[in-house]
>>> print(open('upload26.pdb').read())   # PDB, C-alpha atoms
ATOM      1  CA  MET A  25     -13.536  30.567 -25.678
ATOM      2  CA  LYS A  26     -10.731  28.692 -23.889
ATOM      3  CA  ILE A  27     -11.799  25.359 -25.409
ATOM      4  CA  GLY A  28     -12.042  26.931 -28.854
ATOM      5  CA  THR A  29      -8.576  28.469 -28.515
ATOM      6  CA  THR A  30      -7.085  25.149 -27.404
ATOM      7  CA  LEU A  31      -8.689  23.266 -30.292
ATOM      8  CA  MET A  32      -7.488  25.862 -32.806
ATOM      9  CA  LYS A  33      -3.961  25.688 -31.369
ATOM     10  CA  TRP A  34      -3.905  21.931 -31.836
ATOM     11  CA  LEU A  35      -5.291  22.248 -35.367
ATOM     12  CA  VAL A  36      -2.593  24.759 -36.335
ATOM     13  CA  ARG A  37       0.043  22.576 -34.679
ATOM     14  CA  ALA A  38      -1.200  19.459 -36.509
ATOM     15  CA  LEU A  39      -1.111  21.289 -39.852
ATOM     16  CA  GLY A  40       2.356  22.580 -39.005
ATOM     17  CA  ALA A  41       3.587  19.018 -38.607
ATOM     18  CA  LEU A  42       3.089  18.436 -42.341
ATOM     19  CA  PRO A  43       6.139  18.937 -44.622
ATOM     20  CA  LEU A  44       6.924  22.436 -45.845
ATOM     21  CA  GLY A  45       6.582  21.192 -49.427
ATOM     22  CA  PHE A  46       2.926  20.397 -48.737
ATOM     23  CA  HIS A  47       2.370  23.933 -47.458
ATOM     24  CA  TYR A  48       4.073  25.444 -50.495
ATOM     25  CA  ALA A  49       1.788  23.346 -52.699
ATOM     26  CA  CYS A  50      -1.157  24.944 -50.877
ATOM     27  CA  SER A  51       0.259  28.477 -51.082
ATOM     28  CA  GLY A  52      -1.006  28.953 -54.636
ATOM     29  CA  PHE A  53      -4.510  28.221 -53.393
ATOM     30  CA  PHE A  54      -4.057  30.766 -50.576
ATOM     31  CA  THR A  55      -2.891  33.322 -53.141
ATOM     32  CA  TRP A  56      -5.909  32.711 -55.380
ATOM     33  CA  ILE A  57      -8.360  32.992 -52.477
ATOM     34  CA  LEU A  58      -6.810  36.213 -51.175
ATOM     35  CA  LYS A  59      -6.251  37.948 -54.513
ATOM     36  CA  ASP A  60      -9.078  36.776 -56.752
ATOM     37  CA  VAL A  61     -11.879  35.468 -54.521
ATOM     38  CA  MET A  62     -11.726  37.670 -51.424
ATOM     39  CA  ARG A  63      -9.904  40.465 -53.238
ATOM     40  CA  TYR A  64      -8.282  41.016 -49.866
ATOM     41  CA  ARG A  65      -7.359  44.720 -49.567
ATOM     42  CA  ARG A  66      -6.663  44.994 -53.300
ATOM     43  CA  ASP A  67      -7.373  48.733 -53.216
ATOM     44  CA  VAL A  68      -5.053  49.226 -50.223
ATOM     45  CA  VAL A  69      -2.263  47.292 -51.958
ATOM     46  CA  MET A  70      -2.533  49.261 -55.207
ATOM     47  CA  THR A  71      -2.789  52.596 -53.395
ATOM     48  CA  ASN A  72       0.290  51.841 -51.271
ATOM     49  CA  LEU A  73       2.265  50.683 -54.306
ATOM     50  CA  SER A  74       1.312  53.670 -56.473
ATOM     51  CA  ARG A  75       2.309  56.176 -53.791
ATOM     52  CA  SER A  76       5.534  54.337 -53.001
ATOM     53  CA  PHE A  77       6.574  53.914 -56.666
ATOM     54  CA  PRO A  78       5.191  57.031 -58.384
ATOM     55  CA  GLU A  79       7.497  56.486 -61.367
ATOM     56  CA  LYS A  80       5.979  53.101 -62.309
ATOM     57  CA  LYS A  81       3.257  52.522 -64.878
ATOM     58  CA  TYR A  82      -0.062  50.934 -63.925
ATOM     59  CA  SER A  83       0.912  47.639 -65.587
ATOM     60  CA  GLU A  84       4.104  47.531 -63.514
ATOM     61  CA  LEU A  85       2.147  48.193 -60.320
ATOM     62  CA  GLU A  86      -0.260  45.385 -61.203
ATOM     63  CA  SER A  87       2.706  43.055 -61.672
ATOM     64  CA  LEU A  88       4.091  44.054 -58.268
ATOM     65  CA  SER A  89       0.666  43.497 -56.727
ATOM     66  CA  ASP A  90       0.494  39.979 -58.182
ATOM     67  CA  GLY A  91       4.005  39.276 -56.889
ATOM     68  CA  PHE A  92       3.042  40.510 -53.437
ATOM     69  CA  TYR A  93       0.055  38.142 -53.237
ATOM     70  CA  ARG A  94       2.242  35.196 -54.283
ATOM     71  CA  HIS A  95       4.697  36.173 -51.555
ATOM     72  CA  PHE A  96       1.847  36.573 -49.069
ATOM     73  CA  GLY A  97       0.553  33.083 -49.879
ATOM     74  CA  ARG A  98       3.999  31.581 -49.242
ATOM     75  CA  LEU A  99       4.332  33.648 -46.063
ATOM     76  CA  LEU A 100       1.099  32.140 -44.697
ATOM     77  CA  ALA A 101       2.233  28.643 -45.652
ATOM     78  CA  GLU A 102       5.614  29.098 -43.951
ATOM     79  CA  THR A 103       4.006  30.576 -40.852
ATOM     80  CA  VAL A 104       1.680  27.597 -40.381
ATOM     81  CA  TRP A 105       4.592  25.170 -40.924
ATOM     82  CA  PHE A 106       6.730  27.120 -38.453
ATOM     83  CA  GLY A 107       4.140  26.454 -35.738
ATOM     84  CA  GLY A 108       4.978  22.755 -36.008
ATOM     85  CA  CYS A 109       8.684  23.319 -35.252
ATOM     86  CA  ARG A 110       8.553  22.398 -31.575
ATOM     87  CA  ASN A 111      11.869  20.674 -32.161
ATOM     88  CA  PRO A 112      14.383  23.318 -33.334
ATOM     89  CA  GLU A 113      16.269  20.638 -35.282
ATOM     90  CA  ARG A 114      13.379  20.472 -37.743
ATOM     91  CA  LEU A 115      13.814  24.177 -38.380
ATOM     92  CA  ARG A 116      17.562  23.818 -38.801
ATOM     93  CA  ARG A 117      17.222  20.961 -41.283
ATOM     94  CA  GLN A 118      14.938  23.040 -43.517
ATOM     95  CA  HIS A 119      17.511  25.866 -43.667
ATOM     96  CA  LEU A 120      14.722  28.352 -44.392
ATOM     97  CA  VAL A 121      16.624  31.303 -42.901
ATOM     98  CA  GLU A 122      20.355  31.954 -42.870
ATOM     99  CA  PHE A 123      22.333  34.771 -41.274
ATOM    100  CA  SER A 124      24.473  36.738 -43.709
ATOM    101  CA  ASN A 125      26.557  38.580 -41.081
ATOM    102  CA  LEU A 126      25.758  37.406 -37.571
ATOM    103  CA  GLU A 127      29.146  38.726 -36.468
ATOM    104  CA  VAL A 128      27.773  42.303 -36.678
ATOM    105  CA  CYS A 129      25.095  41.464 -34.116
ATOM    106  CA  GLU A 130      27.584  39.555 -31.957
ATOM    107  CA  ALA A 131      30.034  42.492 -31.924
ATOM    108  CA  ALA A 132      27.296  44.940 -30.952
ATOM    109  CA  TYR A 133      26.095  42.666 -28.161
ATOM    110  CA  GLU A 134      29.612  42.064 -26.864
ATOM    111  CA  ASN A 135      30.569  45.745 -26.801
ATOM    112  CA  SER A 136      27.330  47.406 -25.652
ATOM    113  CA  PRO A 137      25.165  47.337 -22.521
ATOM    114  CA  GLY A 138      22.380  45.956 -24.732
ATOM    115  CA  VAL A 139      21.132  45.752 -28.319
ATOM    116  CA  VAL A 140      17.898  46.803 -30.012
ATOM    117  CA  LEU A 141      17.155  45.116 -33.337
ATOM    118  CA  LEU A 142      14.640  47.047 -35.437
ATOM    119  CA  ASN A 143      12.779  44.845 -37.912
ATOM    120  CA  SER A 144       9.696  45.231 -40.092
ATOM    121  CA  HIS A 145       6.945  43.496 -42.040
ATOM    122  CA  PHE A 146       9.428  42.544 -44.731
ATOM    123  CA  GLY A 147      10.321  39.030 -45.838
ATOM    124  CA  ASN A 148       8.771  36.723 -43.240
ATOM    125  CA  TRP A 149       8.919  38.393 -39.838
ATOM    126  CA  GLU A 150       6.910  35.502 -38.324
ATOM    127  CA  LEU A 151      10.103  33.408 -38.355
ATOM    128  CA  THR A 152      11.797  35.576 -35.705
ATOM    129  CA  GLY A 153      11.131  32.988 -32.999
ATOM    130  CA  GLY A 154      13.702  30.737 -34.646
ATOM    131  CA  PHE A 155      16.529  33.240 -34.028
ATOM    132  CA  LEU A 156      18.686  30.786 -32.071
ATOM    133  CA  SER A 157      18.303  28.070 -34.723
ATOM    134  CA  TYR A 158      19.688  29.944 -37.725
ATOM    135  CA  ASP A 159      23.390  29.736 -36.859
ATOM    136  CA  TYR A 160      24.667  26.871 -39.020
ATOM    137  CA  ARG A 161      28.326  27.264 -38.148
ATOM    138  CA  PRO A 162      30.060  24.205 -36.666
ATOM    139  CA  GLU A 163      29.596  24.019 -32.909
ATOM    140  CA  ALA A 164      33.248  24.853 -32.292
ATOM    141  CA  GLU A 165      32.930  28.126 -34.251
ATOM    142  CA  ARG A 166      29.793  29.435 -32.562
ATOM    143  CA  ARG A 167      30.102  32.281 -30.085
ATOM    144  CA  ASN A 168      26.891  31.329 -28.228
ATOM    145  CA  LEU A 169      26.593  34.851 -26.820
ATOM    146  CA  PHE A 170      22.800  34.843 -26.703
ATOM    147  CA  SER A 171      20.439  32.765 -24.610
ATOM    148  CA  LEU A 172      16.659  32.780 -24.243
ATOM    149  CA  ASP A 173      16.941  34.636 -20.948
ATOM    150  CA  ASP A 174      18.749  37.483 -22.723
ATOM    151  CA  MET A 175      16.168  37.973 -25.493
ATOM    152  CA  ALA A 176      12.887  39.863 -25.721
ATOM    153  CA  VAL A 177      10.609  39.923 -28.767
ATOM    154  CA  VAL A 178       8.190  42.860 -28.744
ATOM    155  CA  TYR A 179       4.791  42.508 -30.400
ATOM    156  CA  LYS A 180       1.627  44.501 -30.990
ATOM    157  CA  PRO A 181      -1.311  42.449 -29.609
ATOM    158  CA  LEU A 182      -4.023  41.415 -32.048
ATOM    159  CA  LYS A 183      -7.574  42.616 -31.463
ATOM    160  CA  SER A 184      -8.840  39.038 -31.127
ATOM    161  CA  ARG A 185      -7.669  37.555 -27.820
ATOM    162  CA  MET A 186      -8.046  34.049 -29.216
ATOM    163  CA  TRP A 187      -5.867  34.698 -32.281
ATOM    164  CA  ASP A 188      -3.405  36.709 -30.225
ATOM    165  CA  GLU A 189      -2.851  33.656 -28.006
ATOM    166  CA  ILE A 190      -2.689  31.300 -30.985
ATOM    167  CA  MET A 191      -0.109  33.466 -32.774
ATOM    168  CA  CYS A 192       1.978  33.746 -29.597
ATOM    169  CA  ASP A 193       2.061  29.939 -29.444
ATOM    170  CA  ASN A 194       2.907  29.739 -33.151
ATOM    171  CA  ARG A 195       5.607  32.447 -33.205
ATOM    172  CA  CYS A 196       7.428  31.001 -30.201
ATOM    173  CA  ALA A 197       7.066  27.355 -31.277
ATOM    174  CA  PRO A 198      10.804  26.415 -31.380
ATOM    175  CA  ILE A 199      11.502  27.912 -27.939
ATOM    176  CA  LEU A 200       8.324  27.206 -25.964
ATOM    177  CA  ARG A 201       9.680  23.966 -24.541
ATOM    178  CA  ASP A 202      12.614  25.919 -23.102
ATOM    179  CA  GLY A 203      10.300  28.240 -21.164
ATOM    180  CA  PHE A 204      10.731  31.448 -23.168
ATOM    181  CA  LYS A 205       9.377  34.409 -21.171
ATOM    182  CA  GLY A 206      10.502  37.299 -23.371
ATOM    183  CA  TYR A 207       7.430  37.751 -25.586
ATOM    184  CA  VAL A 208       6.476  41.276 -24.518
ATOM    185  CA  PRO A 209       3.485  43.410 -25.643
ATOM    186  CA  THR A 210       4.370  46.931 -26.740
ATOM    187  CA  GLU A 211       2.498  48.622 -23.916
ATOM    188  CA  LYS A 212       4.582  46.772 -21.324
ATOM    189  CA  VAL A 213       8.004  46.948 -22.935
ATOM    190  CA  LEU A 214       9.247  50.034 -21.055
ATOM    191  CA  ARG A 215       8.421  48.440 -17.709
ATOM    192  CA  PHE A 216      10.103  45.235 -18.909
ATOM    193  CA  ALA A 217      13.228  47.145 -19.973
ATOM    194  CA  VAL A 218      13.488  48.963 -16.644
ATOM    195  CA  GLY A 219      12.969  45.715 -14.760
ATOM    196  CA  HIS A 220      15.760  44.055 -16.748
ATOM    197  CA  GLY A 221      18.095  47.054 -16.732
ATOM    198  CA  ASP A 222      20.651  45.146 -14.664
ATOM    199  CA  ARG A 223      21.361  42.602 -17.421
ATOM    200  CA  LYS A 224      22.476  42.724 -21.028
ATOM    201  CA  MET A 225      19.463  42.207 -23.286
ATOM    202  CA  LEU A 226      18.768  41.730 -26.972
ATOM    203  CA  TYR A 227      15.446  43.308 -28.009
ATOM    204  CA  VAL A 228      13.677  42.601 -31.304
ATOM    205  CA  PHE A 229      11.275  45.431 -32.172
ATOM    206  CA  PRO A 230       8.836  45.360 -35.117
ATOM    207  CA  THR A 231       8.940  49.070 -35.898
ATOM    208  CA  ASP A 232       7.082  49.872 -39.114
ATOM    209  CA  GLN A 233       3.535  49.812 -37.753
ATOM    210  CA  CYS A 234       1.384  52.882 -37.178
ATOM    211  CA  PRO A 235       1.611  54.350 -33.675
ATOM    212  CA  TYR A 236      -1.268  53.563 -31.370
ATOM    213  CA  LYS A 237      -4.118  56.035 -31.565
ATOM    214  CA  GLY A 238      -3.342  58.743 -29.049
ATOM    215  CA  ALA A 239       0.168  57.404 -28.408
ATOM    216  CA  ALA A 240       2.216  59.811 -26.308
ATOM    217  CA  SER A 241       5.450  59.061 -28.171
ATOM    218  CA  ASN A 242       5.515  59.109 -31.975
ATOM    219  CA  ASP A 243       7.226  60.940 -34.793
ATOM    220  CA  THR A 244       7.020  61.629 -38.528
ATOM    221  CA  VAL A 245       9.755  60.561 -40.931
ATOM    222  CA  ASP A 246      10.110  60.263 -44.704
ATOM    223  CA  PHE A 247       9.500  56.738 -46.015
ATOM    224  CA  MET A 248       8.731  55.612 -49.570
ATOM    225  CA  HIS A 249       8.161  59.223 -50.686
ATOM    226  CA  GLN A 250       5.545  59.833 -48.007
ATOM    227  CA  PRO A 251       5.429  61.476 -44.570
ATOM    228  CA  THR A 252       5.129  58.488 -42.253
ATOM    229  CA  LYS A 253       4.056  58.370 -38.644
ATOM    230  CA  THR A 254       6.272  56.027 -36.680
ATOM    231  CA  MET A 255       6.530  54.513 -33.229
ATOM    232  CA  LEU A 256       9.527  55.543 -31.154
ATOM    233  CA  GLY A 257       9.455  52.807 -28.509
ATOM    234  CA  GLY A 258      12.534  50.837 -29.550
ATOM    235  CA  ALA A 259      14.617  53.902 -30.424
ATOM    236  CA  SER A 260      13.619  55.641 -27.185
ATOM    237  CA  ILE A 261      14.576  52.671 -25.014
ATOM    238  CA  ALA A 262      17.906  52.347 -26.841
ATOM    239  CA  HIS A 263      18.506  56.099 -26.390
ATOM    240  CA  LYS A 264      17.662  55.958 -22.682
ATOM    241  CA  PHE A 265      20.016  53.050 -21.905
ATOM    242  CA  GLY A 266      22.762  53.769 -24.469
ATOM    243  CA  TYR A 267      22.194  50.506 -26.350
ATOM    244  CA  SER A 268      23.429  49.617 -29.806
ATOM    245  CA  VAL A 269      20.781  49.785 -32.524
ATOM    246  CA  LEU A 270      20.832  47.531 -35.583
ATOM    247  CA  TYR A 271      18.554  47.348 -38.584
ATOM    248  CA  MET A 272      17.487  43.722 -39.071
ATOM    249  CA  SER A 273      16.574  42.582 -42.567
ATOM    250  CA  ILE A 274      14.886  39.292 -43.472
ATOM    251  CA  ALA A 275      15.259  39.482 -47.236
ATOM    252  CA  PRO A 276      13.179  37.070 -49.397
ATOM    253  CA  VAL A 277      16.039  35.939 -51.619
ATOM    254  CA  SER A 278      14.041  33.140 -53.286
ATOM    255  CA  LYS A 279      11.235  30.704 -52.542
ATOM    256  CA  GLY A 280      12.120  28.864 -49.350
ATOM    257  CA  ARG A 281      15.158  31.031 -48.580
ATOM    258  CA  TYR A 282      15.483  34.177 -46.491
ATOM    259  CA  GLU A 283      18.704  36.017 -45.751
ATOM    260  CA  TRP A 284      18.817  37.597 -42.327
ATOM    261  CA  GLY A 285      21.291  40.458 -42.080
ATOM    262  CA  PHE A 286      22.234  43.273 -39.707
ATOM    263  CA  THR A 287      23.273  46.872 -40.368
ATOM    264  CA  GLU A 288      24.559  48.999 -37.507
ATOM    265  CA  ILE A 289      22.673  52.267 -37.022
ATOM    266  CA  CYS A 290      24.629  53.302 -33.944
ATOM    267  CA  ARG A 291      26.811  51.734 -31.258
ATOM    268  CA  ASP A 292      25.584  54.142 -28.548
ATOM    269  CA  ALA A 293      22.015  55.340 -29.073
ATOM    270  CA  SER A 294      22.352  58.027 -26.402
ATOM    271  CA  LYS A 295      24.382  59.981 -28.976
ATOM    272  CA  MET A 296      21.498  60.081 -31.486
ATOM    273  CA  THR A 297      17.948  61.298 -31.111
ATOM    274  CA  PRO A 298      15.128  58.754 -31.523
ATOM    275  CA  HIS A 299      14.076  60.674 -34.639
ATOM    276  CA  GLU A 300      17.551  60.288 -36.197
ATOM    277  CA  ILE A 301      17.549  56.577 -35.380
ATOM    278  CA  MET A 302      14.143  56.029 -36.945
ATOM    279  CA  GLN A 303      14.932  58.062 -40.059
ATOM    280  CA  ARG A 304      18.022  55.934 -40.658
ATOM    281  CA  TYR A 305      16.009  52.759 -40.021
ATOM    282  CA  TYR A 306      13.442  53.743 -42.638
ATOM    283  CA  GLU A 307      16.176  54.605 -45.140
ATOM    284  CA  LEU A 308      17.576  51.080 -44.771
ATOM    285  CA  LEU A 309      14.123  49.503 -44.972
ATOM    286  CA  GLN A 310      13.344  51.504 -48.099
ATOM    287  CA  ALA A 311      16.544  50.261 -49.754
ATOM    288  CA  ASP A 312      15.460  46.671 -49.037
ATOM    289  CA  ILE A 313      11.980  47.282 -50.420
ATOM    290  CA  VAL A 314      13.356  48.814 -53.616
ATOM    291  CA  LYS A 315      15.540  45.703 -54.046
ATOM    292  CA  TYR A 316      12.744  43.219 -53.215
ATOM    293  CA  PRO A 317       9.521  45.211 -53.838
ATOM    294  CA  THR A 318       7.099  42.290 -53.542
ATOM    295  CA  GLY A 319       8.465  41.264 -50.126
ATOM    296  CA  TYR A 320       6.830  44.032 -48.091
ATOM    297  CA  LEU A 321       3.385  43.854 -46.445
ATOM    298  CA  TRP A 322       1.599  46.156 -48.881
ATOM    299  CA  SER A 323      -1.825  45.126 -47.560
ATOM    300  CA  HIS A 324      -1.116  46.861 -44.260
ATOM    301  CA  LYS A 325      -2.869  50.222 -43.814
ATOM    302  CA  ARG A 326       0.466  51.817 -43.081
ATOM    303  CA  TRP A 327      -0.274  55.286 -44.382
ATOM    304  CA  LYS A 328      -3.678  56.037 -42.903
ATOM    305  CA  ARG A 329      -5.077  59.422 -43.935
TER     306      ARG A 329
END
>>> encode(input="upload26.pdb", output="structure tokens")
Amino acid sequence: MKIGTTLMKWLVRALGALPLGFHYACSGFFTWILKDVMRYRRDVVMTNLSRSFPEKKYSELESLSDGFYRHFGRLLAETVWFGGCRNPERLRRQHLVEFSNLEVCEAAYENSPGVVLLNSHFGNWELTGGFLSYDYRPEAERRNLFSLDDMAVVYKPLKSRMWDEIMCDNRCAPILRDGFKGYVPTEKVLRFAVGHGDRKMLYVFPTDQCPYKGAASNDTVDFMHQPTKTMLGGASIAHKFGYSVLYMSIAPVSKGRYEWGFTEICRDASKMTPHEIMQRYYELLQADIVKYPTGYLWSHKRWKR
């Protein structure tokens, strides 16, 4: 298994070394395979879309479904390419992601004991590992408030240990050489937060997944016209420590361009309940989805019944 994982890592890394244009040229093939050959979760996609947009006609839902698969094909292409960005300068030159209002995140970090960024499966969340490379301001204008030691990216482990390790290597590609140690599985994040309670931290939480089966802490909110079970981990940690909470959007503005923006939910999470925080988060996410409906992960079994 270890040899197989190592070989697969090197294969993904070798493919990632190819130009992004090559990967985009292949994305149409990925789309065709997923949508027309494998028919990958077509029923799940259409069911999720029809429940989320009850006002749309079937033809409109089909059009959204086709747009989602095109987006999904590009997402896979970008994710493979991202794994080849061991040199952050390569990522910067491509200018794939740009902050729209980094100053909001900087202000929250500067004026709070810590910050929790709540993100989702919207746009291309796999690019989060390039966070420190997306500030294109001249060196003299950068605040440089964040460092690798101050950041933690929370993730839900994959069922396959091999692919979980491969994706860890891929997601952290631009920062691996700097010894990043903040890639934290969800089941260990509370212990991590307590252990790092003496320093100011910036947490990135993917928050739109279903709670673990039998999870002790979860809640139900309204999202896309449906009662939605949600995890409370990020909101609960922010509430416990009085952190700022920001909604983090990675909007798919156009092919090859994502706009990464921040919206403040609260400056002191101890003054809101985790439920209130999560309801506001889902309101902001829903607004993004309505604006860019094909950019969400509609193939995810988000609303299990």
>>> resolve_selection(input="upload26.pdb", expression="the PyMOL selection byres ((chain A and resi 327) around 12)", output="tab-separated table (two decimals) with C-alpha atoms, in the coordinates of the input")
chain	number	residue	atom	x	y	z
A	68	VAL	CA	-5.05	49.23	-50.22
A	69	VAL	CA	-2.26	47.29	-51.96
A	71	THR	CA	-2.79	52.60	-53.40
A	72	ASN	CA	0.29	51.84	-51.27
A	73	LEU	CA	2.26	50.68	-54.31
A	75	ARG	CA	2.31	56.18	-53.79
A	76	SER	CA	5.53	54.34	-53.00
A	232	ASP	CA	7.08	49.87	-39.11
A	233	GLN	CA	3.54	49.81	-37.75
A	234	CYS	CA	1.38	52.88	-37.18
A	235	PRO	CA	1.61	54.35	-33.67
A	244	THR	CA	7.02	61.63	-38.53
A	245	VAL	CA	9.76	60.56	-40.93
A	246	ASP	CA	10.11	60.26	-44.70
A	247	PHE	CA	9.50	56.74	-46.02
A	248	MET	CA	8.73	55.61	-49.57
A	249	HIS	CA	8.16	59.22	-50.69
A	250	GLN	CA	5.54	59.83	-48.01
A	251	PRO	CA	5.43	61.48	-44.57
A	252	THR	CA	5.13	58.49	-42.25
A	253	LYS	CA	4.06	58.37	-38.64
A	254	THR	CA	6.27	56.03	-36.68
A	322	TRP	CA	1.60	46.16	-48.88
A	323	SER	CA	-1.82	45.13	-47.56
A	324	HIS	CA	-1.12	46.86	-44.26
A	325	LYS	CA	-2.87	50.22	-43.81
A	326	ARG	CA	0.47	51.82	-43.08
A	328	LYS	CA	-3.68	56.04	-42.90
A	329	ARG	CA	-5.08	59.42	-43.94
>>> resolve_selection(input="upload26.pdb", expression="the PyMOL selection byres ((chain A and resi 114) around 12)", output="list in words")
Gly40, Ala41, Leu42, Pro43, Leu44, Trp105, Phe106, Gly107, Gly108, Cys109, Arg110, Asn111, Pro112, Glu113, Leu115, Arg116, Arg117, Gln118, His119, Leu120, Gly154, Ser157, Tyr158, Ala197 and Pro198 of chain A
>>> resolve_selection(input="upload26.pdb", expression="the PyMOL selection byres ((chain A and resi 152) around 12)", output="ChimeraX atom specification")
/A:103,106-107,115,120-123,141-151,153-158,175-179,192,194-199,207,227-230,272-274,282,284
>>> axis_aligned_box(input="upload26.pdb", around="range 215-224 of chain A", padding_each_side="6 Å", output="JSON")
{"center_x": 15.4, "center_y": 45.8, "center_z": -17.8, "size_x": 26.1, "size_y": 18.4, "size_z": 18.4}
>>> atom_distance(input="upload26.pdb", atom1="CA of Tyr48 in chain A", atom2="CA of Val104 in chain A")
10.6 Å
>>> atom_distance(input="upload26.pdb", atom1="CA of Asp292 in chain A", atom2="CA of Asp222 in chain A")
17.3 Å
>>> closest_residue(input="upload26.pdb", among="A:Glu189, A:Arg215, A:Ser171, A:Gln303", to="Thr30 in chain A", atoms="only C-alpha atoms")
A:Glu189
>>> atom_distance(input="upload26.pdb", atom1="CA of Ala293 in chain A", atom2="CA of Ser268 in chain A")
5.9 Å
>>> residues_near_point(input="upload26.pdb", point="(11.7, 46.6, -49.9)", cutoff="10 Å", atoms="all atoms listed in the file", output="MDAnalysis selection string")
chainID A and resid 145:147 248 273 275:276 308:321
>>> build_atoms(input="upload26.pdb", residues="range 217-230 of chain A", atoms="N, CA, C and O atoms", output="PDB file, in the coordinates of the input")
ATOM      1  N   ALA A 217      11.848  46.686 -19.793  1.00  0.00           N
ATOM      2  CA  ALA A 217      13.228  47.145 -19.973  1.00  0.00           C
ATOM      3  C   ALA A 217      13.808  47.677 -18.667  1.00  0.00           C
ATOM      4  O   ALA A 217      14.967  47.392 -18.327  1.00  0.00           O
ATOM      5  N   VAL A 218      13.019  48.439 -17.931  1.00  0.00           N
ATOM      6  CA  VAL A 218      13.488  48.963 -16.644  1.00  0.00           C
ATOM      7  C   VAL A 218      13.726  47.820 -15.664  1.00  0.00           C
ATOM      8  O   VAL A 218      14.738  47.790 -14.948  1.00  0.00           O
ATOM      9  N   GLY A 219      12.830  46.846 -15.668  1.00  0.00           N
ATOM     10  CA  GLY A 219      12.969  45.715 -14.760  1.00  0.00           C
ATOM     11  C   GLY A 219      14.151  44.820 -15.084  1.00  0.00           C
ATOM     12  O   GLY A 219      14.618  44.075 -14.220  1.00  0.00           O
ATOM     13  N   HIS A 220      14.611  44.872 -16.328  1.00  0.00           N
ATOM     14  CA  HIS A 220      15.760  44.055 -16.748  1.00  0.00           C
ATOM     15  C   HIS A 220      16.981  44.930 -17.044  1.00  0.00           C
ATOM     16  O   HIS A 220      17.897  44.513 -17.755  1.00  0.00           O
ATOM     17  N   GLY A 221      17.004  46.130 -16.478  1.00  0.00           N
ATOM     18  CA  GLY A 221      18.095  47.054 -16.732  1.00  0.00           C
ATOM     19  C   GLY A 221      19.429  46.616 -16.169  1.00  0.00           C
ATOM     20  O   GLY A 221      20.476  47.163 -16.532  1.00  0.00           O
ATOM     21  N   ASP A 222      19.411  45.609 -15.283  1.00  0.00           N
ATOM     22  CA  ASP A 222      20.651  45.146 -14.664  1.00  0.00           C
ATOM     23  C   ASP A 222      21.317  44.033 -15.463  1.00  0.00           C
ATOM     24  O   ASP A 222      22.338  43.493 -15.035  1.00  0.00           O
ATOM     25  N   ARG A 223      20.740  43.660 -16.622  1.00  0.00           N
ATOM     26  CA  ARG A 223      21.361  42.602 -17.421  1.00  0.00           C
ATOM     27  C   ARG A 223      21.410  43.009 -18.889  1.00  0.00           C
ATOM     28  O   ARG A 223      20.629  43.850 -19.354  1.00  0.00           O
ATOM     29  N   LYS A 224      22.328  42.425 -19.602  1.00  0.00           N
ATOM     30  CA  LYS A 224      22.476  42.724 -21.028  1.00  0.00           C
ATOM     31  C   LYS A 224      21.383  41.994 -21.800  1.00  0.00           C
ATOM     32  O   LYS A 224      21.232  40.782 -21.686  1.00  0.00           O
ATOM     33  N   MET A 225      20.603  42.767 -22.578  1.00  0.00           N
ATOM     34  CA  MET A 225      19.463  42.207 -23.286  1.00  0.00           C
ATOM     35  C   MET A 225      19.561  42.454 -24.789  1.00  0.00           C
ATOM     36  O   MET A 225      20.186  43.414 -25.248  1.00  0.00           O
ATOM     37  N   LEU A 226      18.895  41.602 -25.527  1.00  0.00           N
ATOM     38  CA  LEU A 226      18.768  41.730 -26.972  1.00  0.00           C
ATOM     39  C   LEU A 226      17.272  41.854 -27.281  1.00  0.00           C
ATOM     40  O   LEU A 226      16.516  40.905 -27.078  1.00  0.00           O
ATOM     41  N   TYR A 227      16.850  43.050 -27.723  1.00  0.00           N
ATOM     42  CA  TYR A 227      15.446  43.308 -28.009  1.00  0.00           C
ATOM     43  C   TYR A 227      15.195  43.269 -29.512  1.00  0.00           C
ATOM     44  O   TYR A 227      15.952  43.848 -30.290  1.00  0.00           O
ATOM     45  N   VAL A 228      14.112  42.601 -29.910  1.00  0.00           N
ATOM     46  CA  VAL A 228      13.677  42.601 -31.304  1.00  0.00           C
ATOM     47  C   VAL A 228      12.378  43.392 -31.375  1.00  0.00           C
ATOM     48  O   VAL A 228      11.364  43.004 -30.789  1.00  0.00           O
ATOM     49  N   PHE A 229      12.422  44.527 -32.081  1.00  0.00           N
ATOM     50  CA  PHE A 229      11.275  45.431 -32.172  1.00  0.00           C
ATOM     51  C   PHE A 229      10.729  45.470 -33.598  1.00  0.00           C
ATOM     52  O   PHE A 229      11.431  45.912 -34.510  1.00  0.00           O
ATOM     53  N   PRO A 230       9.478  45.054 -33.833  1.00  0.00           N
ATOM     54  CA  PRO A 230       8.836  45.360 -35.117  1.00  0.00           C
ATOM     55  C   PRO A 230       8.458  46.830 -35.109  1.00  0.00           C
ATOM     56  O   PRO A 230       7.738  47.291 -34.219  1.00  0.00           O
TER      57      PRO A 230
END
